[in-house]
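J.: Structure file final07.txt (compact mmCIF, C-alpha atoms and all ligand atoms) is given on the next line.
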```
# COMPACT_ATOMS: atom_id res chain seq x y z
CA MET A 1 -16.43 10.72 0.27
CA ILE A 2 -16.22 7.38 2.08
CA VAL A 3 -17.54 6.87 5.59
CA VAL A 4 -17.03 3.43 7.06
CA GLU A 5 -18.53 2.44 10.38
CA LYS A 6 -17.78 -0.77 12.21
CA LEU A 7 -17.59 -2.62 8.92
CA THR A 8 -17.14 -6.35 9.51
CA LYS A 9 -16.77 -9.37 7.27
CA CYS A 10 -16.66 -12.90 8.58
CA TYR A 11 -15.89 -15.84 6.35
CA ALA A 12 -16.55 -19.32 7.71
CA GLY A 13 -14.20 -19.48 10.65
CA THR A 14 -12.32 -16.19 10.13
CA THR A 15 -13.06 -12.56 10.70
CA ALA A 16 -11.34 -10.97 7.72
CA VAL A 17 -12.42 -7.42 8.57
CA ASP A 18 -13.15 -6.67 12.19
CA ALA A 19 -15.37 -3.65 12.89
CA ILE A 20 -13.24 -1.08 11.11
CA SER A 21 -14.19 2.59 10.96
CA PHE A 22 -12.53 5.28 8.87
CA HIS A 23 -13.34 8.04 6.46
CA VAL A 24 -11.83 9.33 3.26
CA ASN A 25 -12.32 12.98 2.37
CA LYS A 26 -12.98 14.27 -1.10
CA GLY A 27 -9.67 14.82 -2.90
CA ASP A 28 -7.70 12.50 -0.61
CA ILE A 29 -5.30 9.93 -1.97
CA VAL A 30 -5.29 7.31 0.73
CA GLY A 31 -2.85 4.44 0.86
CA PHE A 32 -4.39 1.32 2.33
CA LEU A 33 -1.49 -0.70 3.64
CA GLY A 34 -1.16 -4.01 5.37
CA PRO A 35 0.53 -7.37 5.23
CA ASN A 36 -0.93 -10.22 3.19
CA GLY A 37 -4.24 -11.42 4.55
CA ALA A 38 -4.78 -8.20 6.53
CA GLY A 39 -8.21 -7.65 4.99
CA LYS A 40 -7.47 -4.99 2.37
CA SER A 41 -9.13 -6.70 -0.58
CA THR A 42 -12.12 -7.75 1.50
CA THR A 43 -12.65 -4.14 2.62
CA MET A 44 -12.32 -2.82 -0.92
CA ARG A 45 -14.70 -5.41 -2.30
CA MET A 46 -17.29 -4.41 0.28
CA LEU A 47 -16.85 -0.71 -0.50
CA ALA A 48 -17.31 -1.44 -4.19
CA SER A 49 -20.47 -3.35 -3.19
CA TYR A 50 -19.22 -6.61 -4.62
CA LEU A 51 -19.39 -8.32 -1.26
CA PRO A 52 -22.02 -7.88 1.44
CA PRO A 53 -20.67 -7.02 4.90
CA THR A 54 -21.53 -9.23 7.84
CA SER A 55 -22.29 -6.12 9.87
CA GLY A 56 -21.55 -2.42 10.02
CA SER A 57 -22.13 0.13 7.30
CA ALA A 58 -20.43 2.27 4.73
CA THR A 59 -21.47 5.11 2.50
CA VAL A 60 -19.87 6.43 -0.66
CA ALA A 61 -20.80 9.97 -1.73
CA GLY A 62 -23.60 9.76 0.84
CA TYR A 63 -25.11 6.57 -0.57
CA ASP A 64 -25.23 3.40 1.48
CA ILE A 65 -23.15 0.80 -0.35
CA PHE A 66 -25.91 -1.78 0.00
CA ARG A 67 -29.23 -0.06 0.24
CA ASP A 68 -28.26 2.37 -2.55
CA SER A 69 -25.63 0.29 -4.24
CA LEU A 70 -26.49 1.40 -7.77
CA LYS A 71 -26.20 5.06 -6.83
CA ALA A 72 -23.02 4.40 -4.86
CA ARG A 73 -21.49 2.51 -7.78
CA GLU A 74 -22.00 5.45 -10.11
CA HIS A 75 -19.40 7.24 -8.01
CA ILE A 76 -16.98 4.33 -7.77
CA GLY A 77 -14.35 3.03 -10.14
CA TYR A 78 -13.15 -0.24 -8.67
CA MET A 79 -10.13 -2.07 -9.99
CA PRO A 80 -9.85 -5.50 -8.37
CA GLU A 81 -6.60 -7.28 -7.56
CA CYS A 82 -6.79 -9.47 -10.65
CA VAL A 83 -8.24 -7.39 -13.45
CA PRO A 84 -10.69 -9.58 -15.33
CA ILE A 85 -10.05 -8.75 -18.94
CA TYR A 86 -11.15 -10.65 -22.02
CA GLN A 87 -7.88 -11.72 -23.58
CA ASP A 88 -9.27 -12.38 -27.06
CA MET A 89 -10.70 -8.90 -27.53
CA ARG A 90 -8.93 -5.90 -28.93
CA VAL A 91 -8.38 -2.98 -26.55
CA GLN A 92 -10.86 -0.83 -28.49
CA GLU A 93 -13.52 -3.54 -28.61
CA TYR A 94 -13.15 -4.31 -24.95
CA LEU A 95 -13.42 -0.73 -23.75
CA LYS A 96 -16.38 -0.09 -26.04
CA TYR A 97 -18.09 -3.16 -24.68
CA ARG A 98 -17.38 -2.05 -21.10
CA ALA A 99 -18.65 1.45 -21.85
CA GLU A 100 -21.91 0.01 -23.17
CA LEU A 101 -22.31 -2.12 -20.08
CA LYS A 102 -21.91 0.98 -17.98
CA GLY A 103 -24.51 2.86 -19.97
CA VAL A 104 -21.97 5.19 -21.57
CA ARG A 105 -23.30 5.55 -25.11
CA GLY A 106 -23.33 7.61 -28.31
CA ARG A 107 -21.28 10.77 -28.43
CA ARG A 108 -20.36 10.55 -24.78
CA MET A 109 -18.90 7.09 -25.37
CA LYS A 110 -16.69 8.42 -28.12
CA GLU A 111 -15.52 11.27 -25.95
CA ARG A 112 -14.89 9.07 -22.96
CA LEU A 113 -12.99 6.49 -24.99
CA ASN A 114 -10.74 9.18 -26.42
CA ASP A 115 -10.19 10.63 -22.97
CA VAL A 116 -9.23 7.34 -21.37
CA TYR A 117 -6.96 6.31 -24.26
CA GLU A 118 -5.18 9.60 -23.89
CA LEU A 119 -5.02 9.54 -20.10
CA CYS A 120 -3.88 5.94 -19.80
CA GLY A 121 -1.45 6.09 -22.72
CA LEU A 122 -3.34 3.53 -24.78
CA CYS A 123 -3.54 5.38 -28.09
CA GLU A 124 -0.97 3.21 -29.88
CA VAL A 125 -2.35 -0.10 -28.63
CA GLN A 126 -6.06 0.50 -29.31
CA LYS A 127 -6.14 -2.10 -32.08
CA LYS A 128 -4.03 -4.72 -30.33
CA LEU A 129 -5.34 -7.92 -28.85
CA ILE A 130 -5.35 -7.74 -25.08
CA SER A 131 -3.54 -11.08 -24.92
CA ALA A 132 -0.67 -9.50 -26.85
CA LEU A 133 -0.18 -6.69 -24.32
CA SER A 134 2.38 -6.60 -21.55
CA LYS A 135 1.11 -6.81 -17.99
CA GLY A 136 1.75 -3.08 -17.58
CA PHE A 137 -0.48 -2.24 -20.55
CA ARG A 138 -3.15 -4.71 -19.47
CA GLN A 139 -3.21 -3.00 -16.11
CA ARG A 140 -3.68 0.33 -17.87
CA VAL A 141 -6.60 -1.10 -19.83
CA GLY A 142 -8.08 -2.13 -16.47
CA LEU A 143 -7.66 1.41 -15.23
CA ALA A 144 -9.14 2.87 -18.42
CA ASP A 145 -12.18 0.64 -17.91
CA VAL A 146 -12.58 1.93 -14.37
CA LEU A 147 -12.49 5.53 -15.59
CA LEU A 148 -15.07 5.18 -18.38
CA HIS A 149 -18.12 6.25 -16.41
CA GLU A 150 -16.26 9.19 -14.81
CA PRO A 151 -16.42 8.05 -11.21
CA ASP A 152 -15.16 10.54 -8.63
CA LEU A 153 -13.79 7.81 -6.36
CA LEU A 154 -11.23 5.23 -7.47
CA ILE A 155 -10.72 2.08 -5.43
CA LEU A 156 -7.56 0.41 -6.70
CA ASP A 157 -6.51 -2.92 -5.23
CA GLU A 158 -2.75 -3.37 -5.59
CA PRO A 159 -2.57 -1.71 -9.01
CA THR A 160 1.18 -2.22 -9.32
CA ILE A 161 1.43 -5.85 -8.25
CA GLY A 162 3.26 -8.02 -10.77
CA LEU A 163 4.60 -5.08 -12.76
CA ASP A 164 8.27 -4.50 -13.49
CA PRO A 165 9.98 -1.42 -12.01
CA ASN A 166 9.47 0.61 -15.16
CA GLN A 167 5.81 -0.22 -15.38
CA ILE A 168 5.43 0.49 -11.67
CA ARG A 169 6.85 3.98 -12.21
CA GLN A 170 4.46 4.61 -15.09
CA MET A 171 1.46 3.33 -13.14
CA ARG A 172 2.43 5.42 -10.13
CA GLU A 173 2.72 8.50 -12.32
CA LEU A 174 -0.69 7.79 -13.78
CA ILE A 175 -2.24 7.37 -10.35
CA ARG A 176 -0.72 10.63 -9.24
CA LYS A 177 -2.19 12.36 -12.28
CA LEU A 178 -5.59 10.84 -11.55
CA GLY A 179 -5.30 12.18 -8.02
CA TYR A 180 -5.76 15.74 -9.30
CA HIS A 181 -9.37 15.01 -10.19
CA HIS A 182 -10.30 11.93 -8.19
CA THR A 183 -10.46 10.72 -4.65
CA ILE A 184 -8.40 7.53 -4.46
CA LEU A 185 -8.19 4.60 -2.10
CA LEU A 186 -5.21 2.51 -3.09
CA SER A 187 -3.95 -0.68 -1.52
CA THR A 188 -0.33 -1.69 -1.72
CA HIS A 189 2.52 -3.46 -0.02
CA ILE A 190 5.06 -0.87 -1.00
CA LEU A 191 5.71 1.98 1.40
CA ALA A 192 7.63 4.00 -1.18
CA GLU A 193 4.58 3.92 -3.39
CA VAL A 194 2.48 5.44 -0.66
CA GLU A 195 5.06 8.09 0.12
CA MET A 196 5.14 9.18 -3.48
CA THR A 197 1.45 9.27 -4.18
CA CYS A 198 -0.65 9.43 -1.00
CA ASN A 199 -1.48 12.16 1.48
CA ARG A 200 -2.83 9.75 4.08
CA VAL A 201 -2.12 6.20 5.12
CA ILE A 202 -4.36 3.66 6.76
CA ILE A 203 -2.61 0.56 8.04
CA ILE A 204 -4.70 -2.54 8.59
CA ASN A 205 -3.51 -5.70 10.29
CA HIS A 206 -5.54 -8.80 11.18
CA GLY A 207 -8.69 -7.03 10.02
CA LYS A 208 -8.22 -4.07 12.36
CA ILE A 209 -7.00 -0.55 11.71
CA GLU A 210 -3.70 0.06 13.43
CA VAL A 211 -2.68 3.48 12.20
CA VAL A 212 -4.13 6.45 10.35
CA ASP A 213 -1.49 9.06 9.61
CA THR A 214 0.40 10.94 6.94
CA PRO A 215 3.24 9.05 5.20
CA GLN A 216 5.69 11.68 6.49
CA ASN A 217 4.66 11.18 10.13
CA LEU A 218 4.80 7.46 9.71
CA ARG A 219 8.31 7.61 8.30
CA ALA A 220 9.36 10.02 11.08
CA ARG A 221 7.90 7.71 13.69
CA MET A 222 9.92 4.89 12.28
CA GLN A 223 13.12 6.92 12.27
CA ILE A 224 12.90 6.98 16.04
CA SER A 225 13.71 3.34 16.32
CA GLY A 226 15.83 1.18 14.11
CA HIS A 227 18.87 -0.99 13.85
CA VAL A 228 22.51 -0.05 13.67
CA TYR A 229 25.14 -2.46 12.40
CA LEU A 230 28.81 -2.10 13.22
CA ASP A 231 31.94 -4.15 12.78
CA ILE A 232 34.78 -3.57 15.20
CA ARG A 233 38.12 -5.38 15.28
CA HIS A 234 38.39 -6.66 18.83
CA ASN A 235 38.95 -9.96 20.58
CA ASN A 236 36.43 -9.41 23.34
CA PRO A 237 32.96 -8.51 22.04
CA ARG A 238 31.44 -8.64 25.51
CA GLU A 239 33.71 -5.86 26.67
CA VAL A 240 32.77 -3.75 23.66
CA ALA A 241 29.07 -4.52 24.14
CA ALA A 242 29.25 -3.43 27.78
CA LEU A 243 30.72 -0.08 26.74
CA LEU A 244 28.23 0.37 23.88
CA LYS A 245 25.41 -0.21 26.34
CA THR A 246 26.40 2.97 28.18
CA ILE A 247 25.33 4.99 25.12
CA PRO A 248 21.81 6.30 25.75
CA GLY A 249 19.05 4.95 23.54
CA ILE A 250 20.47 1.51 22.87
CA ILE A 251 17.81 -1.06 23.67
CA SER A 252 19.58 -4.29 22.88
CA ILE A 253 22.84 -5.58 21.47
CA ASP A 254 23.48 -8.81 19.57
CA PHE A 255 26.91 -9.74 18.36
CA GLN A 256 28.95 -12.46 16.78
CA GLN A 257 32.66 -12.94 16.37
CA ASN A 258 33.76 -13.33 12.77
CA GLY A 259 37.50 -13.95 12.73
CA GLU A 260 39.13 -10.97 14.34
CA TRP A 261 36.07 -8.80 13.69
CA CYS A 262 33.08 -8.48 16.01
CA GLU A 263 29.79 -7.82 14.25
CA PHE A 264 27.22 -5.97 16.35
CA ARG A 265 23.54 -5.37 15.74
CA LEU A 266 22.02 -2.73 17.99
CA GLN A 267 18.38 -1.95 18.46
CA THR A 268 18.05 1.73 19.15
CA THR A 269 15.50 4.40 19.98
CA HIS A 270 17.36 7.05 18.02
CA ASP A 271 20.38 7.37 15.77
CA PRO A 272 23.45 6.73 17.99
CA ARG A 273 26.08 6.61 15.25
CA GLU A 274 27.90 9.77 16.26
CA ALA A 275 28.29 8.58 19.86
CA ILE A 276 29.47 5.19 18.60
CA PHE A 277 32.01 6.80 16.33
CA GLU A 278 33.36 8.89 19.21
CA MET A 279 33.57 5.84 21.43
CA ALA A 280 35.46 3.95 18.72
CA LEU A 281 37.92 6.85 18.48
CA LYS A 282 38.34 7.00 22.22
CA TYR A 283 39.09 3.30 22.58
CA ARG A 284 40.93 3.15 19.27
CA TRP A 285 38.69 0.42 17.90
CA PRO A 286 39.25 -0.24 14.21
CA LEU A 287 35.82 0.25 12.66
CA ARG A 288 34.92 -1.07 9.20
CA GLU A 289 31.17 -0.63 9.22
CA LEU A 290 28.69 1.70 10.91
CA ARG A 291 25.33 1.57 9.22
CA ARG A 292 21.67 2.16 10.03
CA SER A 293 19.10 -0.14 8.52
CA GLN A 294 16.60 1.38 6.13
CA VAL A 295 13.08 1.39 7.37
CA SER A 296 10.87 -0.99 5.46
CA LEU A 297 7.18 -1.52 5.56
CA GLU A 298 7.84 -4.80 7.33
CA ASP A 299 9.66 -2.88 10.06
CA ILE A 300 6.65 -0.65 10.44
CA PHE A 301 4.29 -3.59 10.72
CA ALA A 302 6.63 -5.27 13.18
CA ASP A 303 6.99 -2.05 15.16
CA ILE A 304 3.26 -1.51 15.34
CA THR A 305 2.58 -5.04 16.53
CA HIS A 306 5.47 -4.81 18.95
CA ALA A 307 4.26 -1.48 20.34
CA GLU A 308 0.90 -3.07 21.00
CA GLU A 309 2.40 -5.80 23.12
CA ILE A 310 4.14 -3.41 25.47
N1 LIG A 401 -13.54 -15.88 -0.12
C1 LIG A 401 -12.92 -16.11 1.05
N2 LIG A 401 -13.27 -17.14 1.84
C2 LIG A 401 -12.68 -17.35 3.04
N3 LIG A 401 -11.69 -16.59 3.53
C3 LIG A 401 -11.28 -15.55 2.79
C4 LIG A 401 -11.87 -15.25 1.51
N4 LIG A 401 -11.25 -14.14 1.01
C5 LIG A 401 -10.33 -13.78 1.93
N5 LIG A 401 -10.34 -14.62 2.99
C6 LIG A 401 -9.51 -14.49 4.20
O1 LIG A 401 -9.73 -13.21 4.74
C7 LIG A 401 -8.52 -12.63 5.20
C8 LIG A 401 -8.29 -11.29 4.52
O2 LIG A 401 -8.04 -11.50 3.14
P1 LIG A 401 -7.84 -10.31 2.10
O3 LIG A 401 -8.94 -9.32 2.31
O4 LIG A 401 -7.70 -10.90 0.76
O5 LIG A 401 -6.47 -9.68 2.60
P2 LIG A 401 -5.41 -8.76 1.83
O6 LIG A 401 -6.06 -8.22 0.60
O7 LIG A 401 -5.06 -7.70 2.83
O8 LIG A 401 -4.23 -9.64 1.53
C9 LIG A 401 -7.43 -13.65 4.94
O9 LIG A 401 -7.22 -14.38 6.13
C10 LIG A 401 -8.03 -14.52 3.87
O10 LIG A 401 -7.52 -15.82 3.96
MG MG A 402 -5.47 -8.36 -1.34
```
Could you render the structure from this file as structure tokens?
T.:
Amino acid sequence: MIVVEKLTKCYAGTTAVDAISFHVNKGDIVGFLGPNGAGKSTTMRMLASYLPPTSGSATVAGYDIFRDSLKAREHIGYMPECVPIYQDMRVQEYLKYRAELKGVRGRRMKERLNDVYELCGLCEVQKKLISALSKGFRQRVGLADVLLHEPDLLILDEPTIGLDPNQIRQMRELIRKLGYHHTILLSTHILAEVEMTCNRVIIINHGKIEVVDTPQNLRARMQISGHVYLDIRHNNPREVAALLKTIPGIISIDFQQNGEWCEFRLQTTHDPREAIFEMALKYRWPLRELRRSQVSLEDIFADITHAEEI
């Protein structure tokens, strides 16, 4: 559905997207992840043919995004990071206007409008002014707009940014529903979002693709390494650290004394909690905490960059 080859975008002084290549198959829901400034929006803008690439090429549904941009755009529904919506229009007026712009007219317009109201849960707010809607509803109007011309590919740039947890859940549910009939490329910061909706993940960092994998593999990869926190009552943390170091898979140990408690932070290649617990029993160390840190997207980014340096 999307084939990207050595796509590059340079702004004055910076290379925002650096010769990236990837493909998205029909029916895929791909999460496009990366820290701020990684180049996600720039890539999406190019794919939606809103921004000419400096070099490289991309096709959507077989059409070159620049030479055949009109044809390519027929297949694309692109929702930018900040949805440009006319605040002083009513939902109905706005979507009608957008449908006309897209050449969706007559009976088909009526059908499409009804479909998108239904799909995006906009039936009750049709007559409301857009300025009177919550951010969650405005975002849904943006999505409805994108769906009007029945594109088979949706390119959604951070569709849940700025929404509250409830609205995020609703938007996520909607995206998942859309995934039954559309191919989706979705950018986000939130790993959980990708795990719940996507079947593939592309991670971009400094304009380059670092990882292409399934969310499950990515999570499993991250389970390999992590941090373990433990508090032990002891007056000699060095002695404890030396013993902990004999447990296989512990890469590094930091500690600080806090009153009579020693607080340790271990970097590990696997989960060593059972061995730690047994050691604590053996040496009769009072233990008040033994916890593994949850893997966050930031950990994954850090891990990927770290792995590169080795
Ligand atoms: N119009 C622009 N002019 C100059 N630099 C830009 C412009 N848009 C984005 N950039 C730069 O390109 C890089 C990638 O930005 P962007 O694609 O917005 O990243 P992301 O969406 O992943 O946060 C950043 O370093 C950003 O500062
Ligand atoms: Mg962005």
J.: State, in Å with one decimal place, the distance from atom CA of Pro159 of chain A to atom CA of Arg67 of chain A.
T.: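 Computing the Euclidean distance for atom CA of Pro159 of chain A and atom CA of Arg67 of chain A yields 28.3 Å.
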J.: Using all atoms listed in the file, determine which residues fall within 9 Å of ligand LIG 401 (chain A), then list them as a ChimeraX atom specification.
T.: /A:9-17,33-45,81,157-158,187-188,204-207
J.: Work out how far apart atom CA of Phe66 of chain A and atom CA of Ser49 of chain A are and give it in Å to one decimal.
T.: 6.5 Å
J.: With 8 Å of padding per side, what axis-aligned box (centre and edge lengths, Å, one decimal) covers all the listed atoms of segment 104-115 of chain A? Give it as lines of an AutoDock Vina configuration file.
T.:
```
center_x = -16.8
center_y = 8.2
center_z = -25.0
size_x = 29.1
size_y = 22.1
size_z = 22.9
```
J.: With only C-alpha atoms and all ligand atoms as the atoms that count, which of A:Arg107, A:His189, A:Arg73, A:Lys128 lies nearest to ligand MG 402 (chain A)?
T.: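 Closest to ligand MG 402 (chain A), using only C-alpha atoms and all ligand atoms: A:His189.
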J.: Just how far from atom CA of Lys177 of chain A is atom CA of Tyr63 of chain A, in Å to one decimal?
T.: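 Going from atom CA of Tyr63 of chain A over to atom CA of Lys177 of chain A, I get 26.4 Å.
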J.: Between A:Leu178, A:Ala132, A:Ile202, A:Leu191, single out the one closest to Met89 of chain A, counting only C-alpha atoms.
T.: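 Answer, going by the shortest atom-to-atom distance: A:Ala132.
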J.: With only C-alpha atoms as the counted atoms, please give the residues lying no more than 8 Å from Leu287 of chain A, apart from itself and same-chain residues fewer than 3 positions off, as a ChimeraX atom specification.
T.: /A:230-233,280,290
J.: Which of these, A:Cys262, A:Met46, A:Val228, A:Val212, has the shortest distance to His23 of chain A once you count only C-alpha atoms?
T.: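 Nearest candidate to His23 of chain A out of A:Cys262, A:Met46, A:Val228, A:Val212: A:Val212.
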J.: Nearest to Leu51 of chain A: which of A:Ser21, A:Thr8, A:Ser293, A:Asn258 is it, counting only C-alpha atoms?
T.: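 Smallest distance to Leu51 of chain A is found for A:Thr8.
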J.: Using the atoms already present, construct N, CA and C atoms for segment 221-254 of chain A and hand them back as a PDB file, in the frame of the given file.
T.:
```pdb
ATOM      1  N   ARG A 221       8.093   8.591  12.545  1.00  0.00           N
ATOM      2  CA  ARG A 221       7.900   7.710  13.690  1.00  0.00           C
ATOM      3  C   ARG A 221       8.855   6.546  13.657  1.00  0.00           C
ATOM      4  N   MET A 222       9.058   6.052  12.430  1.00  0.00           N
ATOM      5  CA  MET A 222       9.920   4.890  12.280  1.00  0.00           C
ATOM      6  C   MET A 222      11.396   5.246  12.414  1.00  0.00           C
ATOM      7  N   GLN A 223      11.711   6.523  12.135  1.00  0.00           N
ATOM      8  CA  GLN A 223      13.120   6.920  12.270  1.00  0.00           C
ATOM      9  C   GLN A 223      13.548   6.879  13.725  1.00  0.00           C
ATOM     10  N   ILE A 224      12.577   6.977  14.620  1.00  0.00           N
ATOM     11  CA  ILE A 224      12.900   6.980  16.040  1.00  0.00           C
ATOM     12  C   ILE A 224      13.605   5.692  16.430  1.00  0.00           C
ATOM     13  N   SER A 225      13.070   4.589  15.961  1.00  0.00           N
ATOM     14  CA  SER A 225      13.710   3.340  16.320  1.00  0.00           C
ATOM     15  C   SER A 225      14.285   2.693  15.072  1.00  0.00           C
ATOM     16  N   GLY A 226      15.248   1.832  15.267  1.00  0.00           N
ATOM     17  CA  GLY A 226      15.830   1.180  14.110  1.00  0.00           C
ATOM     18  C   GLY A 226      16.997   0.316  14.540  1.00  0.00           C
ATOM     19  N   HIS A 227      17.711  -0.163  13.559  1.00  0.00           N
ATOM     20  CA  HIS A 227      18.870  -0.990  13.850  1.00  0.00           C
ATOM     21  C   HIS A 227      20.141  -0.328  13.353  1.00  0.00           C
ATOM     22  N   VAL A 228      21.200  -0.526  14.105  1.00  0.00           N
ATOM     23  CA  VAL A 228      22.510  -0.050  13.670  1.00  0.00           C
ATOM     24  C   VAL A 228      23.444  -1.253  13.640  1.00  0.00           C
ATOM     25  N   TYR A 229      24.197  -1.355  12.563  1.00  0.00           N
ATOM     26  CA  TYR A 229      25.140  -2.460  12.400  1.00  0.00           C
ATOM     27  C   TYR A 229      26.546  -1.898  12.468  1.00  0.00           C
ATOM     28  N   LEU A 230      27.421  -2.549  13.256  1.00  0.00           N
ATOM     29  CA  LEU A 230      28.810  -2.100  13.220  1.00  0.00           C
ATOM     30  C   LEU A 230      29.756  -3.269  13.385  1.00  0.00           C
ATOM     31  N   ASP A 231      30.881  -3.139  12.704  1.00  0.00           N
ATOM     32  CA  ASP A 231      31.940  -4.150  12.780  1.00  0.00           C
ATOM     33  C   ASP A 231      33.156  -3.489  13.423  1.00  0.00           C
ATOM     34  N   ILE A 232      33.615  -4.105  14.492  1.00  0.00           N
ATOM     35  CA  ILE A 232      34.780  -3.570  15.200  1.00  0.00           C
ATOM     36  C   ILE A 232      35.811  -4.691  15.331  1.00  0.00           C
ATOM     37  N   ARG A 233      37.101  -4.355  15.085  1.00  0.00           N
ATOM     38  CA  ARG A 233      38.120  -5.380  15.280  1.00  0.00           C
ATOM     39  C   ARG A 233      38.502  -5.415  16.751  1.00  0.00           C
ATOM     40  N   HIS A 234      38.181  -6.554  17.377  1.00  0.00           N
ATOM     41  CA  HIS A 234      38.390  -6.660  18.830  1.00  0.00           C
ATOM     42  C   HIS A 234      38.321  -8.142  19.178  1.00  0.00           C
ATOM     43  N   ASN A 235      39.032  -8.534  20.233  1.00  0.00           N
ATOM     44  CA  ASN A 235      38.950  -9.960  20.580  1.00  0.00           C
ATOM     45  C   ASN A 235      38.009 -10.238  21.735  1.00  0.00           C
ATOM     46  N   ASN A 236      37.355  -9.182  22.232  1.00  0.00           N
ATOM     47  CA  ASN A 236      36.430  -9.410  23.340  1.00  0.00           C
ATOM     48  C   ASN A 236      35.118  -8.640  23.123  1.00  0.00           C
ATOM     49  N   PRO A 237      34.189  -9.228  22.359  1.00  0.00           N
ATOM     50  CA  PRO A 237      32.960  -8.510  22.040  1.00  0.00           C
ATOM     51  C   PRO A 237      32.133  -8.142  23.276  1.00  0.00           C
ATOM     52  N   ARG A 238      32.216  -8.952  24.305  1.00  0.00           N
ATOM     53  CA  ARG A 238      31.440  -8.640  25.510  1.00  0.00           C
ATOM     54  C   ARG A 238      31.868  -7.308  26.131  1.00  0.00           C
ATOM     55  N   GLU A 239      33.170  -7.107  26.113  1.00  0.00           N
ATOM     56  CA  GLU A 239      33.710  -5.860  26.670  1.00  0.00           C
ATOM     57  C   GLU A 239      33.210  -4.661  25.836  1.00  0.00           C
ATOM     58  N   VAL A 240      33.248  -4.828  24.524  1.00  0.00           N
ATOM     59  CA  VAL A 240      32.770  -3.750  23.660  1.00  0.00           C
ATOM     60  C   VAL A 240      31.276  -3.520  23.877  1.00  0.00           C
ATOM     61  N   ALA A 241      30.523  -4.623  23.956  1.00  0.00           N
ATOM     62  CA  ALA A 241      29.070  -4.520  24.140  1.00  0.00           C
ATOM     63  C   ALA A 241      28.755  -3.773  25.436  1.00  0.00           C
ATOM     64  N   ALA A 242      29.497  -4.075  26.495  1.00  0.00           N
ATOM     65  CA  ALA A 242      29.250  -3.430  27.780  1.00  0.00           C
ATOM     66  C   ALA A 242      29.452  -1.918  27.667  1.00  0.00           C
ATOM     67  N   LEU A 243      30.473  -1.517  26.915  1.00  0.00           N
ATOM     68  CA  LEU A 243      30.720  -0.080  26.740  1.00  0.00           C
ATOM     69  C   LEU A 243      29.641   0.557  25.853  1.00  0.00           C
ATOM     70  N   LEU A 244      29.269  -0.167  24.772  1.00  0.00           N
ATOM     71  CA  LEU A 244      28.230   0.370  23.880  1.00  0.00           C
ATOM     72  C   LEU A 244      26.919   0.590  24.634  1.00  0.00           C
ATOM     73  N   LYS A 245      26.673  -0.296  25.572  1.00  0.00           N
ATOM     74  CA  LYS A 245      25.410  -0.210  26.340  1.00  0.00           C
ATOM     75  C   LYS A 245      25.297   1.075  27.138  1.00  0.00           C
ATOM     76  N   THR A 246      26.448   1.715  27.406  1.00  0.00           N
ATOM     77  CA  THR A 246      26.400   2.970  28.180  1.00  0.00           C
ATOM     78  C   THR A 246      25.917   4.138  27.312  1.00  0.00           C
ATOM     79  N   ILE A 247      25.839   3.923  25.998  1.00  0.00           N
ATOM     80  CA  ILE A 247      25.330   4.990  25.120  1.00  0.00           C
ATOM     81  C   ILE A 247      23.811   5.042  25.269  1.00  0.00           C
ATOM     82  N   PRO A 248      23.259   6.209  25.559  1.00  0.00           N
ATOM     83  CA  PRO A 248      21.810   6.300  25.750  1.00  0.00           C
ATOM     84  C   PRO A 248      21.054   5.892  24.482  1.00  0.00           C
ATOM     85  N   GLY A 249      19.918   5.257  24.670  1.00  0.00           N
ATOM     86  CA  GLY A 249      19.050   4.950  23.540  1.00  0.00           C
ATOM     87  C   GLY A 249      19.308   3.614  22.876  1.00  0.00           C
ATOM     88  N   ILE A 250      20.251   2.837  23.447  1.00  0.00           N
ATOM     89  CA  ILE A 250      20.470   1.510  22.870  1.00  0.00           C
ATOM     90  C   ILE A 250      19.660   0.485  23.678  1.00  0.00           C
ATOM     91  N   ILE A 251      18.746  -0.172  22.986  1.00  0.00           N
ATOM     92  CA  ILE A 251      17.810  -1.060  23.670  1.00  0.00           C
ATOM     93  C   ILE A 251      18.409  -2.454  23.848  1.00  0.00           C
ATOM     94  N   SER A 252      19.009  -2.948  22.773  1.00  0.00           N
ATOM     95  CA  SER A 252      19.580  -4.290  22.880  1.00  0.00           C
ATOM     96  C   SER A 252      20.773  -4.421  21.951  1.00  0.00           C
ATOM     97  N   ILE A 253      21.632  -5.366  22.283  1.00  0.00           N
ATOM     98  CA  ILE A 253      22.840  -5.580  21.470  1.00  0.00           C
ATOM     99  C   ILE A 253      22.990  -7.081  21.212  1.00  0.00           C
ATOM    100  N   ASP A 254      23.113  -7.433  19.943  1.00  0.00           N
ATOM    101  CA  ASP A 254      23.480  -8.810  19.570  1.00  0.00           C
ATOM    102  C   ASP A 254      24.852  -8.722  18.919  1.00  0.00           C
TER     103      ASP A 254
END
```
